[in-house]
Amino acid sequence: MTECPRISVKTALSRSGLPDLDYSLNPYVGCSHGCLYCYARDYTRQVEVAENWGSIVYVKENLLSILERETRKLKPGTVGISTITDPYQPVESVEKLTRRSIELLLKRGFRVSIQTKSPLVLRDIDILKSFRDMVDVGFTIITLDSGVASLLEPSAPVPVQRVRALTKVSEEGLKTWLFYGPVIPGFNDDVVSFTRVLEAVYGHVSLVLMDKLRVTPRVRDSLGSVVRDFEKVESLANSKTWWSSVVKAFTEVCAQLAVKCVASLAEPPTDTVRRLEVFSKKKEP
Ligand code: SF4
């Protein structure tokens, strides 16, 4: 059960340091999906949330009034939704902060780039379709194995729900992509696991992005408590040889299926690659 206290904030949009993302918007602090591999908590200033990851999610109760003001002043650009939480928290079904933020941003000429694990995004398909050229939607799916998913992503929507949601969003004519990350040694770093996911979304994604496990102290605590021989997993995750061989094998699968795949080679990580590859062509003129 996730507690959802309400907080007030002074800003809504944050400037992004990434070259192809102008702003980020996080309607919530914390994430009730509670993925054990999540290092977003290391970028979450509120210690109570970071240390009780998955159990506490702050609702930014005045977000919309702040966003209303900011979007009148700021130059339109691309907004990542979200960068340190999933914008489609269970509480979003009631609060509608993400929905109303997206609607406001799009009406004011800002592009939105959504990344989620939740089919709740389908609720907002009406708005997204109205601005289809200014929207893309990415789903994170690291496995189709429900046992692995329930271990590593205990409170997130199950993978099959994400596959269905991604397919539906794509069928509605929106640009969609897959994030296969993190790749965790011994869990989803094999070609069979990767191919299963890729085939499940085949024909519905224009791009696949991959990233490896990033072990921070908090990630070590949470994963280490459930993963046997975690030292070995961590050692492999830090091995350039391991990651190079994974990338090579996955790239071959992508080539066979004629899907464009990009792996993060940066330290750290992912989003830079993701944004650069996917969105640079779509920046505001
Ligand atoms: S969905 Fe993303 S932000 Fe939420 S816990 Fe999982 S990895 Fe972290």
# chains A, B, ... in the order shown; residues from 1 in each chain; ligands from 1

$ closest_atom_pairs --of "chain A" --to "ligand 1" --cutoff "10 Å" --atoms "only C-alpha atoms and all ligand atoms" --output "JSON lines"
{"residue": "A:Val29", "atom": "CA", "partner": "ligand 1", "partner_atom_place_in_ligand_line": "3 (S)", "distance": 9.6}
{"residue": "A:Gly30", "atom": "CA", "partner": "ligand 1", "partner_atom_place_in_ligand_line": "3 (S)", "distance": 7.3}
{"residue": "A:Cys31", "atom": "CA", "partner": "ligand 1", "partner_atom_place_in_ligand_line": "4 (Fe)", "distance": 4.5}
{"residue": "A:Ser32", "atom": "CA", "partner": "ligand 1", "partner_atom_place_in_ligand_line": "5 (S)", "distance": 6.5}
{"residue": "A:His33", "atom": "CA", "partner": "ligand 1", "partner_atom_place_in_ligand_line": "5 (S)", "distance": 4.8}
{"residue": "A:Gly34", "atom": "CA", "partner": "ligand 1", "partner_atom_place_in_ligand_line": "5 (S)", "distance": 4.2}
{"residue": "A:Cys35", "atom": "CA", "partner": "ligand 1", "partner_atom_place_in_ligand_line": "5 (S)", "distance": 4.2}
{"residue": "A:Leu36", "atom": "CA", "partner": "ligand 1", "partner_atom_place_in_ligand_line": "5 (S)", "distance": 7.2}
{"residue": "A:Tyr37", "atom": "CA", "partner": "ligand 1", "partner_atom_place_in_ligand_line": "7 (S)", "distance": 6.6}
{"residue": "A:Cys38", "atom": "CA", "partner": "ligand 1", "partner_atom_place_in_ligand_line": "8 (Fe)", "distance": 4.2}
{"residue": "A:Tyr39", "atom": "CA", "partner": "ligand 1", "partner_atom_place_in_ligand_line": "8 (Fe)", "distance": 6.5}
{"residue": "A:Ala40", "atom": "CA", "partner": "ligand 1", "partner_atom_place_in_ligand_line": "8 (Fe)", "distance": 5.4}
{"residue": "A:Arg41", "atom": "CA", "partner": "ligand 1", "partner_atom_place_in_ligand_line": "8 (Fe)", "distance": 7.2}
{"residue": "A:Trp53", "atom": "CA", "partner": "ligand 1", "partner_atom_place_in_ligand_line": "5 (S)", "distance": 7.4}
{"residue": "A:Gly54", "atom": "CA", "partner": "ligand 1", "partner_atom_place_in_ligand_line": "5 (S)", "distance": 6.7}
{"residue": "A:Ser82", "atom": "CA", "partner": "ligand 1", "partner_atom_place_in_ligand_line": "3 (S)", "distance": 8.3}
{"residue": "A:Thr83", "atom": "CA", "partner": "ligand 1", "partner_atom_place_in_ligand_line": "3 (S)", "distance": 7.4}
{"residue": "A:Ile84", "atom": "CA", "partner": "ligand 1", "partner_atom_place_in_ligand_line": "3 (S)", "distance": 5.3}
{"residue": "A:Thr85", "atom": "CA", "partner": "ligand 1", "partner_atom_place_in_ligand_line": "3 (S)", "distance": 3.9}
{"residue": "A:Asp86", "atom": "CA", "partner": "ligand 1", "partner_atom_place_in_ligand_line": "4 (Fe)", "distance": 5.0}
{"residue": "A:Pro87", "atom": "CA", "partner": "ligand 1", "partner_atom_place_in_ligand_line": "3 (S)", "distance": 8.6}
{"residue": "A:Tyr88", "atom": "CA", "partner": "ligand 1", "partner_atom_place_in_ligand_line": "1 (S)", "distance": 9.1}
{"residue": "A:Gln89", "atom": "CA", "partner": "ligand 1", "partner_atom_place_in_ligand_line": "4 (Fe)", "distance": 8.4}
{"residue": "A:Gln115", "atom": "CA", "partner": "ligand 1", "partner_atom_place_in_ligand_line": "2 (Fe)", "distance": 8.6}
{"residue": "A:Thr116", "atom": "CA", "partner": "ligand 1", "partner_atom_place_in_ligand_line": "1 (S)", "distance": 6.7}
{"residue": "A:Lys117", "atom": "CA", "partner": "ligand 1", "partner_atom_place_in_ligand_line": "1 (S)", "distance": 6.1}
{"residue": "A:Ser118", "atom": "CA", "partner": "ligand 1", "partner_atom_place_in_ligand_line": "1 (S)", "distance": 8.6}
{"residue": "A:Phe139", "atom": "CA", "partner": "ligand 1", "partner_atom_place_in_ligand_line": "1 (S)", "distance": 9.9}
{"residue": "A:Thr140", "atom": "CA", "partner": "ligand 1", "partner_atom_place_in_ligand_line": "1 (S)", "distance": 8.0}
{"residue": "A:Leu152", "atom": "CA", "partner": "ligand 1", "partner_atom_place_in_ligand_line": "6 (Fe)", "distance": 9.0}
{"residue": "A:Glu153", "atom": "CA", "partner": "ligand 1", "partner_atom_place_in_ligand_line": "6 (Fe)", "distance": 6.6}
{"residue": "A:Pro154", "atom": "CA", "partner": "ligand 1", "partner_atom_place_in_ligand_line": "6 (Fe)", "distance": 9.2}
{"residue": "A:Ser155", "atom": "CA", "partner": "ligand 1", "partner_atom_place_in_ligand_line": "5 (S)", "distance": 8.6}
{"residue": "A:Ala156", "atom": "CA", "partner": "ligand 1", "partner_atom_place_in_ligand_line": "1 (S)", "distance": 6.8}
{"residue": "A:Pro157", "atom": "CA", "partner": "ligand 1", "partner_atom_place_in_ligand_line": "1 (S)", "distance": 9.4}
{"residue": "A:Gly181", "atom": "CA", "partner": "ligand 1", "partner_atom_place_in_ligand_line": "7 (S)", "distance": 8.9}
{"residue": "A:Pro182", "atom": "CA", "partner": "ligand 1", "partner_atom_place_in_ligand_line": "7 (S)", "distance": 8.6}

$ select_by_dssp --residues "stretch 25-250 of chain A" --states "alpha helix (DSSP H)" --output "number ranges by chain"
A: 47-51, 63-73, 92-95, 97-107, 125-130, 146-152, 159-171, 191-200, 217-224, 230-237, 240-250

$ residues_around --residues "A:Cys261" --least-positions-apart "6" --cutoff "12 Å" --atoms "only C-alpha atoms" --output "MDAnalysis selection string"
chainID A and resid 177:180 194 198 205:211 247:255 273:274 277:278

$ residues_around --residues "A:Arg123" --least-positions-apart "4" --cutoff "12 Å" --atoms "only C-alpha atoms" --output "count of residues only"
16

$ closest_residue --among "A:Ser239, A:Thr195, A:Thr11, A:Gln256" --to "A:Val215" --atoms "only C-alpha atoms"
A:Ser239

$ select_by_dssp --residues "stretch 60-185 of chain A" --states "strand (DSSP E)" --output "MDAnalysis selection string"
chainID A and resid 60 78:81 111:116 135:140 175:183

$ closest_residue --among "A:Ile81, A:Ile142, A:Ile56, A:Val47" --to "A:Leu97" --atoms "only C-alpha atoms"
A:Ile81

$ residues_around --residues "A:Ser146" --least-positions-apart "3" --cutoff "10 Å" --atoms "only C-alpha atoms" --output "mmCIF file with all heavy atoms, in the first residue's frame"
data_model
loop_
_atom_site.group_PDB
_atom_site.id
_atom_site.type_symbol
_atom_site.label_atom_id
_atom_site.label_comp_id
_atom_site.auth_asym_id
_atom_site.auth_seq_id
_atom_site.Cartn_x
_atom_site.Cartn_y
_atom_site.Cartn_z
ATOM 1 N N THR A 143 11.320 -7.944 -19.561
ATOM 2 C CA THR A 143 11.152 -9.395 -19.637
ATOM 3 C C THR A 143 9.685 -9.705 -19.909
ATOM 4 O O THR A 143 8.806 -8.875 -19.621
ATOM 5 C CB THR A 143 11.561 -10.066 -18.306
ATOM 6 O OG1 THR A 143 11.422 -11.485 -18.420
ATOM 7 C CG2 THR A 143 10.695 -9.596 -17.152
ATOM 8 N N ALA A 149 9.539 -10.656 -13.548
ATOM 9 C CA ALA A 149 8.936 -9.326 -13.398
ATOM 10 C C ALA A 149 8.405 -9.122 -11.981
ATOM 11 O O ALA A 149 8.603 -8.063 -11.379
ATOM 12 C CB ALA A 149 7.815 -9.146 -14.427
ATOM 13 N N SER A 150 7.744 -10.122 -11.423
ATOM 14 C CA SER A 150 7.168 -9.911 -10.090
ATOM 15 C C SER A 150 8.259 -9.818 -9.026
ATOM 16 O O SER A 150 8.081 -9.175 -8.000
ATOM 17 C CB SER A 150 6.146 -10.996 -9.739
ATOM 18 O OG SER A 150 6.785 -12.221 -9.599
ATOM 19 N N LEU A 151 9.404 -10.427 -9.296
ATOM 20 C CA LEU A 151 10.519 -10.307 -8.353
ATOM 21 C C LEU A 151 11.152 -8.924 -8.427
ATOM 22 O O LEU A 151 11.399 -8.284 -7.407
ATOM 23 C CB LEU A 151 11.581 -11.377 -8.660
ATOM 24 C CG LEU A 151 12.840 -11.326 -7.805
ATOM 25 C CD1 LEU A 151 12.527 -11.790 -6.373
ATOM 26 C CD2 LEU A 151 13.946 -12.191 -8.404
ATOM 27 N N LEU A 152 11.388 -8.466 -9.656
ATOM 28 C CA LEU A 152 12.168 -7.234 -9.834
ATOM 29 C C LEU A 152 11.312 -5.971 -9.890
ATOM 30 O O LEU A 152 11.793 -4.872 -9.608
ATOM 31 C CB LEU A 152 12.999 -7.328 -11.118
ATOM 32 C CG LEU A 152 14.008 -8.473 -11.180
ATOM 33 C CD1 LEU A 152 14.749 -8.458 -12.504
ATOM 34 C CD2 LEU A 152 15.004 -8.391 -10.020
ATOM 35 N N GLU A 153 10.050 -6.139 -10.287
ATOM 36 C CA GLU A 153 9.151 -4.969 -10.439
ATOM 37 C C GLU A 153 7.853 -5.294 -9.702
ATOM 38 O O GLU A 153 6.789 -5.448 -10.310
ATOM 39 C CB GLU A 153 8.845 -4.751 -11.930
ATOM 40 C CG GLU A 153 10.075 -4.592 -12.805
ATOM 41 C CD GLU A 153 9.775 -4.760 -14.301
ATOM 42 O OE1 GLU A 153 8.797 -5.455 -14.652
ATOM 43 O OE2 GLU A 153 10.523 -4.184 -15.105
ATOM 44 N N VAL A 158 1.985 -5.878 -15.066
ATOM 45 C CA VAL A 158 2.728 -7.038 -15.570
ATOM 46 C C VAL A 158 3.090 -6.815 -17.045
ATOM 47 O O VAL A 158 2.412 -6.063 -17.757
ATOM 48 C CB VAL A 158 1.917 -8.340 -15.396
ATOM 49 C CG1 VAL A 158 1.691 -8.621 -13.924
ATOM 50 C CG2 VAL A 158 0.603 -8.273 -16.147
ATOM 51 N N PRO A 159 4.153 -7.483 -17.502
ATOM 52 C CA PRO A 159 4.641 -7.222 -18.866
ATOM 53 C C PRO A 159 3.583 -7.382 -19.949
ATOM 54 O O PRO A 159 3.541 -6.591 -20.898
ATOM 55 C CB PRO A 159 5.768 -8.251 -19.022
ATOM 56 C CG PRO A 159 6.241 -8.510 -17.643
ATOM 57 C CD PRO A 159 5.054 -8.390 -16.758
ATOM 58 N N VAL A 160 2.733 -8.390 -19.827
ATOM 59 C CA VAL A 160 1.764 -8.595 -20.894
ATOM 60 C C VAL A 160 0.806 -7.399 -21.016
ATOM 61 O O VAL A 160 0.367 -7.039 -22.121
ATOM 62 C CB VAL A 160 1.015 -9.938 -20.695
ATOM 63 C CG1 VAL A 160 0.070 -9.886 -19.505
ATOM 64 C CG2 VAL A 160 0.283 -10.351 -21.949
#

$ atom_distance --atom1 "atom CA of A:Gly203" --atom2 "atom CA of A:Leu166"
10.8 Å

$ residues_around --residues "A:Trp242" --least-positions-apart "3" --cutoff "12 Å" --atoms "only C-alpha atoms" --output "MDAnalysis selection string"
chainID A and resid 183:186 189:190 212:213 232:239 245:249
